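Student: Below you will find the structure I want to go over with you.
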Amino acid sequence: MTELQRQVRAIRERAAVSRPSPAVVRVTGEGAWAFLDRVLPCELHLREAQLRATLLLRADGSVLADVLVGAEDADFWLFVEGLDEPALLAHLGSFCEDGEDVQLAGLAATHAAIAVDGPYAWEALEAVGERGIGGMPYLSLARLDGDVRCVRAGRTGEYGYTLLVPHDAVDATLSQLGDVVRVDPAALTHCALENWFFDIHAPFAARFTPLELQLQARLSRRKGDVLGMPALAARREAGGLRRTVGLRGPLGLAAGDALRLDGDVVGEVLQTAPWFGASGGSIGMGLLPLRLAHPGLDVLSVPSGPVMTVSAPLLLNRSLLVRPSRRPPDPASLPDPYA
Amino acid sequence: MTLWQPGLARREALLDEVRAVVIDVLQLAQEPDELDPDAPLFGGGLRLDSIDALDLIVRLEAGFGVIVIDRDASPAESARAMRTLNTLVDRLLAAGA
């Protein structure tokens, strides 16, 4: 078993800890809602403590950053991947209008992030937070003792929590989590692909728009004036769109491979990873014209062999079968995620 | 026309029909092609809740005349079918729709 496989198995079968570095910005002031409504391409009707997944776009419609926006009292929180804190503050600051009552405060100087992912991540988390915290709803934000915030989200398809902890409490928090496997970003990237979660850190991510990347649920048609949205409308109007699709192929499947049909190049492979199921080979994400971007197409090929398009997610998450509110099942009784 | 095209056309037609049902059940303002086929039905995707899911299954079963989720299905089988529009289409095709 490789080190990557060991770490991925920990995420899929138990719980794993990692140290992400999202840019976290708190938006306060009387004008906070109106400001974010102008900046973000999603609806901002959020209940208290609710989070919504959205994006920041460039003017050409391509994805600049992966965003979770949350409401807490009259304030908003932005949890952002793909931009560091100075770049995020500069980007947001460019939308501020003279006299607008909006304050932007980054958290990097005071807090650091600790993430826990896996079907039993909630169990590990309860050693840190109050009892029951593991059962917080998906896409929600909780305020814990000690100026700690907990975000329930994740990008592995398993239970996922990110704790924002004061710098001086990081070591103690890691210690409280106990004997949880520490995983690298590569293992999380692997799991994101298996579960078809958008990964802003993938090398191809900045090349494409939400139309290709199947991220339209993060946008609102009502937000046609937000940066990047006019470009998306123009692309829809022009037609000829392409879309990502799941792939299964030989071990030699590689990012950058041309996808061929009857000898003609019809698409490209964007990302690949070894498949850890018994059948071996590789999984991947391809890009095809809409007319071909459907699962079940078994006539494509790459230089190393035939490729088939498949439905995502590519595995069954144990987290779908484990409930924090109930007695945890014996892990041995759960199906193999890769079966 | 090569052999794979009829199957692909059937799949595309089913996807369009499922999208129309989802838009109706959830009362969405989106156009059908704005519902991405691999976007999650729950959570950060189309944000269905369990009531929506039940309504969606009833509507699909009535519309296509097939069992989408067998009442005796294991939790794993049900979970696998209800993840995305594409997995729902997989299930409809397997059920003979």
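Labels used: A, B, ... for chains in the order of the structure tokens, numbers from 1 for residues in each chain, and numbers from 1 for ligands as shown.
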For chain B, which residues have at least one atom within 6 Å of chain A, if we go by only C-alpha atoms? Write them as a PyMOL selection string, please.
Tutor: chain B and resi 36+44-45
Student: Show me, as a PyMOL selection string, the residues that have an atom within 9 Å of Phe198 of chain A when counting only C-alpha atoms, minus same-chain residues fewer than 3 positions from it.
Tutor: chain A and resi 66+155+192-193+201-202+205+213-215
Student: Skipping near chain neighbours, those fewer than 2 positions away, what residues fall within 12 Å of Asp225 of chain A using only C-alpha atoms, listed as a ChimeraX atom specification?
Tutor: /A:37-42,57,59,61,219-223,227-233
Student: Keeping only C-alpha atoms, write the selected residues as a PDB file, in the first residue's frame.
Tutor:
```
ATOM      1  CA  ASP A  37     -24.825  40.851  -2.886  1.00  0.00           C
ATOM      2  CA  ARG A  38     -22.927  42.959  -5.434  1.00  0.00           C
ATOM      3  CA  VAL A  39     -19.753  40.847  -5.289  1.00  0.00           C
ATOM      4  CA  LEU A  40     -21.001  37.245  -5.158  1.00  0.00           C
ATOM      5  CA  PRO A  41     -22.841  35.505  -8.004  1.00  0.00           C
ATOM      6  CA  CYS A  42     -25.163  33.545  -5.676  1.00  0.00           C
ATOM      7  CA  LEU A  57     -15.250  34.830 -11.103  1.00  0.00           C
ATOM      8  CA  ALA A  59     -14.287  39.041 -16.023  1.00  0.00           C
ATOM      9  CA  GLY A  61     -16.201  33.986 -16.491  1.00  0.00           C
ATOM     10  CA  LEU A 219     -24.681  30.871  -9.426  1.00  0.00           C
ATOM     11  CA  SER A 220     -27.943  32.746  -9.645  1.00  0.00           C
ATOM     12  CA  ARG A 221     -29.485  33.972 -12.892  1.00  0.00           C
ATOM     13  CA  ARG A 222     -30.598  37.063 -10.975  1.00  0.00           C
ATOM     14  CA  LYS A 223     -26.941  38.058 -10.585  1.00  0.00           C
ATOM     15  CA  LEU A 227     -18.256  40.207 -12.416  1.00  0.00           C
ATOM     16  CA  GLY A 228     -17.957  37.276 -14.828  1.00  0.00           C
ATOM     17  CA  MET A 229     -21.693  36.641 -15.236  1.00  0.00           C
ATOM     18  CA  PRO A 230     -22.100  38.620 -18.495  1.00  0.00           C
ATOM     19  CA  ALA A 231     -19.299  36.518 -20.000  1.00  0.00           C
ATOM     20  CA  LEU A 232     -21.099  33.320 -18.979  1.00  0.00           C
ATOM     21  CA  ALA A 233     -24.331  34.551 -20.579  1.00  0.00           C
TER      22      ALA A 233
END
```
Student: What's the 7 Å shell around segment 98-111 of chain A, counting only C-alpha atoms, without same-chain residues fewer than 4 positions away, as a list in words?
Tutor: Val24, Val25, Arg26, Val27, Thr28, Gly29, Glu30, Gly31, Ala32, Glu85, Leu164, Val165, Pro166 and His167 of chain A
Student: Hey, what's within 6 Å of Ala16 of chain A if we count only C-alpha atoms and toss same-chain stuff fewer than 4 positions away? As number ranges by chain, please?
Tutor: A: 10-11, 116-117, 180-182
Student: List the spatial neighbours of Pro324 of chain A as a list in words - criterion: any atom at most 9 Å away, only C-alpha atoms, same-chain residues fewer than 2 positions off excluded.
Tutor: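 Near Pro324 of chain A, the qualifying residues are Tyr120, Trp122, Glu123, Gly132, Gly134, Gly135, Val322, Arg326, Arg327 and Pro328 of chain A.
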Student: Write out as a compact mmCIF listing (two decimals) with C-alpha atoms, in the first residue's frame each polymer residue whose atoms come within 9 Å of Ile57 of chain B, counting only C-alpha atoms; drop sequence neighbours fewer than 5 positions from it.
Tutor:
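Result written to around.txt:
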```
# COMPACT_ATOMS: atom_id res chain seq x y z
CA ASP B 52 -38.09 17.03 -1.96
CA ALA B 62 -45.36 7.82 -11.81
CA ILE B 67 -39.55 1.58 -9.49
CA VAL B 68 -36.77 4.11 -8.90
CA ILE B 69 -36.01 3.09 -5.31
```
Student: Just list as a PyMOL selection string whatever in chain B DSSP marks as strand (DSSP E or B).
Tutor: chain B and resi 40+42+48+84
Student: Enumerate, as a PyMOL selection string, the complete set of residues in chain B that a backbone-based DSSP assignment places in helix (DSSP H, G or I).
Tutor: chain B and resi 4-26+32-34+50-64+75-81+85-94
Student: Of the candidates A:Ala115, A:Val265, A:Pro337, A:Ser325, which shows the shortest atom-to-atom distance to Ile133 of chain A, using only C-alpha atoms?
Tutor: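 Smallest distance to Ile133 of chain A is found for A:Ser325.
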Student: Quick check, in Å to one decimal: how far apart do atom CA of Arg47 of chain A and atom CA of Leu54 of chain B lie?
Tutor: 23.9 Å
Student: Would you compute the distance between atom CA of Pro306 of chain A and atom CA of Phe276 of chain A? Give it in Å to one decimal.
Tutor: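 Value for the atom CA of Pro306 of chain A-atom CA of Phe276 of chain A distance: 18.8 Å.
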Student: State, in Å with one decimal place, the distance from atom CA of Leu48 of chain B to atom CA of Val22 of chain B.
Tutor: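 Pair atom CA of Leu48 of chain B / atom CA of Val22 of chain B returns 9.5 Å.
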